[in-house]
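Here's the structure we're looking at; comments come further down.
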Amino acid sequence: MKIAIVADSNSGITQDEAKELGVSVLPMPFMIDGTVYYEGIDLSHEEFYKKMEEGADITTSQPSPKDVLECWDSLLEEYDQVVYIPMSSGLSGSCQTALMLAEDYDGRVQVVNNQRISVTQRQSALDAKDLAAKGYCAEEIKDILEATRFDSIIYITVDTLKYLKKGGRITPAAAALGTLLKIKPVLTIEGEKLDAFSKARTMKQARQTMLTALAHDLEERLGDKDAGHTYLQIAHTCNEEAAEELAETVKELYPLAPVFAAPLSLSIGCHIGPGALAVACTKKLKELE
């Protein structure tokens, strides 16, 4: 049975990378000053953050049902089944829309709601591809990915409170006080939501907070203190040099673990702005070890 694996561009997988990996990527639309752009098609990360810093009016959207259906229908001309992995249902309505659309496909399209985004969503797409290669059907792949939805977590620290305030995630008063005190909040994405986790006074402190939280999760939650059975991921928004430094630190701390680094998806970047830094962990699937 031939199974197609599809993620949306929130996974961070570029169109060129998708071809190399043997997966498909549905581009996410963004409305910028009244014009619709598609991530990775006519909107690069550099262009996005340039427009953001220029004060452009930017809103996120979900792929239109038409675009989703055209993607699936095209793949089903060549493949027997489709596994579609959209961004977390808690961060967008696109997952719920896809679940409704899939009802008309008699099981040939399976929509995975495993509440991942960015580098962790990317890993889910790679896991799905490997599961398909091992002979699992689309429904089995969906069940495995959803059963392990909480085996992953992301910690993010932001360089500015401006965009959290703009998006209504913190009050203007809290943003003003935080800016005055030079507070660097540490946020977490675990399952459905982007939540506050901790506060630091410098990026160096915030980075250490994230590494301490990562160590705690590996030992207490994933039962994998040395990360020998866990993927470790670094992500950033226009902060590549700091991300590379953090990746080197993580490699030194956990030499047994594969470490991957990439930009955060624009859907997250829209809410936190440039200069952010993130660390994530995703437990390896037992079916693939």
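Numbering starts fresh at 1 for the residues of each chain in the structure tokens, the chains themselves are lettered A, B, ... in the order given, and ligands are numbered from 1 as they appear.
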
(message) Which residues are close to Leu288 (chain A), i.e. within 12 Å by only C-alpha atoms, leaving aside same-chain residues fewer than 5 positions away? Reply as a PyMOL selection string.
(response) chain A and resi 126-136+141+144-145+229-230+283

Residues from last step as file, all heavy atoms, as a compact mmCIF listing (two decimals), in the first residue's frame:
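As written to disk, out_25.txt reads:
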```
# COMPACT_ATOMS: atom_id res chain seq x y z
N LEU A 126 8.26 12.91 9.73
CA LEU A 126 9.32 11.94 9.46
C LEU A 126 8.98 10.59 10.07
O LEU A 126 9.20 9.53 9.44
CB LEU A 126 10.65 12.44 10.02
CG LEU A 126 11.18 13.76 9.45
CD1 LEU A 126 12.52 14.11 10.08
CD2 LEU A 126 11.32 13.67 7.94
N ASP A 127 8.41 10.60 11.28
CA ASP A 127 8.00 9.34 11.91
C ASP A 127 6.91 8.65 11.10
O ASP A 127 6.93 7.43 10.92
CB ASP A 127 7.48 9.61 13.34
CG ASP A 127 8.59 9.97 14.32
OD1 ASP A 127 9.77 9.72 13.99
OD2 ASP A 127 8.27 10.48 15.40
N ALA A 128 5.97 9.44 10.61
CA ALA A 128 4.88 8.87 9.80
C ALA A 128 5.42 8.21 8.54
O ALA A 128 4.98 7.13 8.15
CB ALA A 128 3.87 9.97 9.44
N LYS A 129 6.38 8.86 7.91
CA LYS A 129 6.99 8.29 6.71
C LYS A 129 7.69 6.96 7.03
O LYS A 129 7.57 5.98 6.27
CB LYS A 129 7.98 9.29 6.11
CG LYS A 129 8.58 8.84 4.79
CD LYS A 129 9.42 9.94 4.19
CE LYS A 129 9.98 9.50 2.84
NZ LYS A 129 10.97 8.42 2.95
N ASP A 130 8.41 6.92 8.15
CA ASP A 130 9.11 5.70 8.54
C ASP A 130 8.12 4.59 8.93
O ASP A 130 8.36 3.41 8.64
CB ASP A 130 10.06 5.98 9.71
CG ASP A 130 11.26 6.82 9.30
OD1 ASP A 130 11.54 6.88 8.08
OD2 ASP A 130 11.91 7.41 10.18
N LEU A 131 7.02 4.96 9.56
CA LEU A 131 6.00 3.97 9.91
C LEU A 131 5.36 3.40 8.65
O LEU A 131 5.10 2.18 8.56
CB LEU A 131 4.91 4.61 10.80
CG LEU A 131 5.34 4.93 12.24
CD1 LEU A 131 4.29 5.81 12.91
CD2 LEU A 131 5.54 3.65 13.06
N ALA A 132 5.11 4.25 7.67
CA ALA A 132 4.55 3.78 6.40
C ALA A 132 5.51 2.81 5.71
O ALA A 132 5.09 1.78 5.16
CB ALA A 132 4.24 4.97 5.49
N ALA A 133 6.81 3.12 5.77
CA ALA A 133 7.82 2.25 5.16
C ALA A 133 7.87 0.90 5.85
O ALA A 133 8.25 -0.11 5.23
CB ALA A 133 9.18 2.93 5.21
N LYS A 134 7.49 0.86 7.14
CA LYS A 134 7.47 -0.40 7.88
C LYS A 134 6.19 -1.20 7.65
O LYS A 134 6.03 -2.28 8.21
CB LYS A 134 7.64 -0.13 9.38
CG LYS A 134 9.09 0.07 9.81
CD LYS A 134 9.18 0.25 11.32
CE LYS A 134 10.63 0.13 11.78
NZ LYS A 134 11.11 -1.25 11.86
N GLY A 135 5.26 -0.63 6.90
CA GLY A 135 4.05 -1.38 6.55
C GLY A 135 2.80 -1.01 7.32
O GLY A 135 1.75 -1.64 7.14
N TYR A 136 2.88 0.02 8.16
CA TYR A 136 1.69 0.46 8.89
C TYR A 136 0.74 1.18 7.93
O TYR A 136 1.19 1.95 7.07
CB TYR A 136 2.07 1.39 10.04
CG TYR A 136 2.77 0.71 11.18
CD1 TYR A 136 4.16 0.62 11.22
CD2 TYR A 136 2.05 0.16 12.24
CE1 TYR A 136 4.82 -0.01 12.28
CE2 TYR A 136 2.69 -0.46 13.31
CZ TYR A 136 4.07 -0.54 13.32
OH TYR A 136 4.72 -1.16 14.37
N ILE A 141 -0.97 4.56 11.64
CA ILE A 141 -0.03 5.66 11.83
C ILE A 141 -0.69 6.77 12.65
O ILE A 141 -0.09 7.31 13.59
CB ILE A 141 0.45 6.20 10.47
CG1 ILE A 141 1.28 5.12 9.75
CG2 ILE A 141 1.27 7.48 10.64
CD1 ILE A 141 1.62 5.45 8.31
N ILE A 144 -0.89 5.70 16.34
CA ILE A 144 0.41 5.73 17.02
C ILE A 144 0.83 7.16 17.34
O ILE A 144 1.26 7.47 18.46
CB ILE A 144 1.49 5.04 16.15
CG1 ILE A 144 1.23 3.53 16.08
CG2 ILE A 144 2.90 5.31 16.72
CD1 ILE A 144 2.07 2.81 15.04
N LEU A 145 0.67 8.06 16.38
CA LEU A 145 1.08 9.45 16.59
C LEU A 145 0.21 10.14 17.63
O LEU A 145 0.70 10.93 18.45
CB LEU A 145 1.04 10.23 15.27
CG LEU A 145 2.04 9.79 14.19
CD1 LEU A 145 1.90 10.67 12.96
CD2 LEU A 145 3.47 9.83 14.70
N HIS A 229 17.06 7.99 23.72
CA HIS A 229 15.86 7.57 22.98
C HIS A 229 14.96 8.77 22.70
O HIS A 229 13.74 8.64 22.62
CB HIS A 229 15.09 6.52 23.79
CG HIS A 229 15.92 5.34 24.18
ND1 HIS A 229 16.18 4.29 23.31
CD2 HIS A 229 16.59 5.05 25.32
CE1 HIS A 229 16.96 3.41 23.91
NE2 HIS A 229 17.22 3.85 25.13
N THR A 230 15.59 9.94 22.54
CA THR A 230 14.83 11.17 22.36
C THR A 230 15.49 12.04 21.29
O THR A 230 16.72 12.13 21.22
CB THR A 230 14.78 11.97 23.69
OG1 THR A 230 14.22 11.14 24.71
CG2 THR A 230 13.93 13.23 23.54
N LYS A 283 10.18 12.27 22.16
CA LYS A 283 10.58 10.89 22.43
C LYS A 283 10.46 10.06 21.16
O LYS A 283 9.51 10.19 20.39
CB LYS A 283 9.70 10.28 23.53
CG LYS A 283 10.22 8.96 24.06
CD LYS A 283 9.44 8.52 25.28
CE LYS A 283 10.02 7.25 25.90
NZ LYS A 283 9.28 6.84 27.12
```

(message) Considering only helix (DSSP H, G or I) as DSSP defines it on the backbone, what residues of region 11-165 of chain A qualify? List them as a PyMOL selection string.
(response) chain A and resi 11+15-21+45-53+65-76+94-105+119-133+138-147+162-165

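If you measure from each of A:Ile234, A:Val23, A:Cys270, A:Ala215 to Tyr254 (chain A) using only C-alpha atoms, the closest one turns out to be A:Ala215.
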
(request) Using only C-alpha atoms, determine which residues lie at most 7 Å from Leu264 (chain A), disregarding the query and same-chain residues fewer than 2 positions distant; provide the list as a ChimeraX atom specification. (result) /A:12,118,235-237,262,266,268-269

Write out the residues from the selection above, keeping all heavy atoms, as a compact mmCIF listing (two decimals), in the first residue's frame.
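As written to disk, part.txt reads:
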```txt
# COMPACT_ATOMS: atom_id res chain seq x y z
N GLY A 12 7.84 23.61 9.37
CA GLY A 12 9.16 24.14 9.05
C GLY A 12 9.80 23.43 7.86
O GLY A 12 10.90 23.80 7.44
N SER A 118 5.92 23.17 14.46
CA SER A 118 7.31 23.50 14.20
C SER A 118 8.18 22.23 14.19
O SER A 118 7.82 21.24 13.57
CB SER A 118 7.81 24.54 15.21
OG SER A 118 9.06 25.07 14.81
N ALA A 235 15.19 25.70 17.89
CA ALA A 235 14.51 26.53 16.89
C ALA A 235 14.67 27.99 17.28
O ALA A 235 15.01 28.33 18.42
CB ALA A 235 13.04 26.15 16.81
N HIS A 236 14.40 28.88 16.31
CA HIS A 236 14.63 30.30 16.55
C HIS A 236 13.83 31.14 15.57
O HIS A 236 13.31 30.64 14.57
CB HIS A 236 16.13 30.62 16.39
CG HIS A 236 16.61 30.43 14.97
ND1 HIS A 236 16.69 31.47 14.08
CD2 HIS A 236 17.02 29.32 14.30
CE1 HIS A 236 17.14 31.02 12.92
NE2 HIS A 236 17.35 29.71 13.03
N THR A 237 13.75 32.44 15.86
CA THR A 237 13.21 33.40 14.89
C THR A 237 14.28 34.45 14.65
O THR A 237 14.61 35.23 15.54
CB THR A 237 11.92 34.08 15.40
OG1 THR A 237 12.19 34.72 16.66
CG2 THR A 237 10.80 33.08 15.61
N ALA A 262 16.39 24.50 13.40
CA ALA A 262 15.69 25.11 12.28
C ALA A 262 14.93 26.35 12.76
O ALA A 262 14.71 26.52 13.96
CB ALA A 262 14.69 24.12 11.67
N LEU A 266 6.34 30.33 11.03
CA LEU A 266 5.88 31.72 11.02
C LEU A 266 4.61 31.91 11.85
O LEU A 266 4.36 33.01 12.35
CB LEU A 266 5.64 32.18 9.58
CG LEU A 266 6.88 32.26 8.69
CD1 LEU A 266 6.52 32.83 7.32
CD2 LEU A 266 7.99 33.08 9.33
N ILE A 268 4.10 30.75 14.76
CA ILE A 268 4.57 31.08 16.11
C ILE A 268 5.28 32.43 16.07
O ILE A 268 5.06 33.29 16.92
CB ILE A 268 5.53 30.01 16.65
CG1 ILE A 268 4.82 28.65 16.75
CG2 ILE A 268 6.06 30.40 18.03
CD1 ILE A 268 5.72 27.53 17.23
N GLY A 269 6.11 32.63 15.05
CA GLY A 269 6.85 33.88 14.93
C GLY A 269 5.95 35.10 14.90
O GLY A 269 6.31 36.17 15.41
```

List as CSV every residue of region 34-139 of chain A that is in contact with region 272-281 of chain A, defined as an atom at most 8 Å from one of its atoms (using only C-alpha atoms), together with the nearest atom pair and the distance in Å rounded to one decimal, sorted by chain and then rising number.
```
residue,atom,partner,partner_atom,distance
A:Tyr49,CA,A:Pro274,CA,6.7
A:Met52,CA,A:Gly273,CA,7.7
A:Val119,CA,A:Ala280,CA,7.8
A:Thr120,CA,A:Ala280,CA,7.4
```

Generate a file of the selected residues that holds N, CA and C atoms, formatted as a PDB file, in the first residue's frame.
```
ATOM      1  N   TYR A  49       9.668  38.734   8.529  1.00  0.00           N
ATOM      2  CA  TYR A  49      10.125  39.514   9.679  1.00  0.00           C
ATOM      3  C   TYR A  49      10.451  40.957   9.296  1.00  0.00           C
ATOM      4  N   MET A  52       7.155  42.545   9.398  1.00  0.00           N
ATOM      5  CA  MET A  52       6.735  42.646  10.793  1.00  0.00           C
ATOM      6  C   MET A  52       7.403  43.838  11.474  1.00  0.00           C
ATOM      7  N   VAL A 119       9.323  22.261  14.888  1.00  0.00           N
ATOM      8  CA  VAL A 119      10.276  21.160  14.811  1.00  0.00           C
ATOM      9  C   VAL A 119       9.690  19.840  15.308  1.00  0.00           C
ATOM     10  N   THR A 120       8.732  19.899  16.246  1.00  0.00           N
ATOM     11  CA  THR A 120       8.127  18.651  16.736  1.00  0.00           C
ATOM     12  C   THR A 120       7.123  18.103  15.721  1.00  0.00           C
TER      13      THR A 120
END
```

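Going from CA of Ile41 (chain A) to CA of Val158 (chain A) covers 26.5 Å.
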
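For region 75-79 of chain A, the non-local neighbours within 8 Å, defined as residues at least 5 positions apart in the same chain or in other chains and counting only C-alpha atoms, are Met1, Lys2, Ile3 and Ala4 of chain A.
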
(request) Would you list, as an MDAnalysis selection string, the residues of region 54-270 of chain A that end up in strand (DSSP E) under DSSP run on this structure's backbone? (result) chainID A and resid 58:60 81:85 109:111 152:157 184:190 193:200 230:236 259:263

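If you look at CA of Ile58 (chain A) and CA of Pro29 (chain A), they are 10.8 Å away from each other.
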
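If you measure from each of A:Ile5, A:Ala102, A:Leu26, A:Ala243 to Met87 (chain A) using only C-alpha atoms, the closest one turns out to be A:Leu26.
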
(message) Measuring between only C-alpha atoms, which one of A:Glu190, A:Glu220, A:Asp159, A:Glu289 shows the shortest distance to His271 (chain A)?
(response) A:Asp159

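Within the 10 Å cut-off around Ser267 (chain A), using only C-alpha atoms and omitting residues fewer than 6 positions from it on the same chain, the listed residues are Ser9, Asn10, Met28, Pro29, Phe30, Glu39, Thr59, Thr60, Ser61, Met87, Leu91, Ser92, Ile117 and Ser118 of chain A.
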
Spatial neighbours of Lys199 (chain A), max dist 9 Å, only C-alpha atoms, sep filter under 2 positions, as an mmCIF file with C-alpha atoms, in the first residue's frame:
```
data_model
loop_
_atom_site.group_PDB
_atom_site.id
_atom_site.type_symbol
_atom_site.label_atom_id
_atom_site.label_comp_id
_atom_site.auth_asym_id
_atom_site.auth_seq_id
_atom_site.Cartn_x
_atom_site.Cartn_y
_atom_site.Cartn_z
ATOM 1 C CA THR A 157 12.175 32.545 25.213
ATOM 2 C CA ILE A 183 12.246 40.516 31.600
ATOM 3 C CA LYS A 184 12.673 37.632 29.160
ATOM 4 C CA PRO A 185 9.666 35.324 29.559
ATOM 5 C CA VAL A 186 10.025 31.611 28.931
ATOM 6 C CA LEU A 187 6.967 30.104 27.252
ATOM 7 C CA ALA A 196 3.818 31.100 30.304
ATOM 8 C CA PHE A 197 6.409 28.912 32.027
ATOM 9 C CA ARG A 201 16.223 38.829 33.453
ATOM 10 C CA GLN A 205 19.301 33.133 32.251
ATOM 11 C CA ALA A 206 16.369 32.267 29.991
ATOM 12 C CA THR A 209 15.982 27.956 32.439
#
```

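Distance annotation: of A:Arg116, A:Lys66, A:Lys162, A:Arg122, the residue with the minimal separation from Leu101 (chain A) is A:Lys66; atom set is only C-alpha atoms.
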
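Using only C-alpha atoms, the smallest distance between any of A:Asp67, A:Lys142, A:Pro258, A:Glu53 and Pro27 (chain A) comes from A:Asp67.
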
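By chain and then residue number, the residues within 10 Å of Ala56 (chain A) are Met31, Ile32, Asp33, Gly34, Phe48, Tyr49 and Lys50 of chain A, counting only C-alpha atoms and disregarding those fewer than 6 positions away in sequence.
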
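Here CA of Ile153 (chain A) is placed at a distance of 10.1 Å from CA of Gln115 (chain A).
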
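Minimum distance to Val112 (chain A) across A:Leu232, A:Ala147, A:Gly93, A:Ser265 (counting only C-alpha atoms) occurs at A:Ala147.
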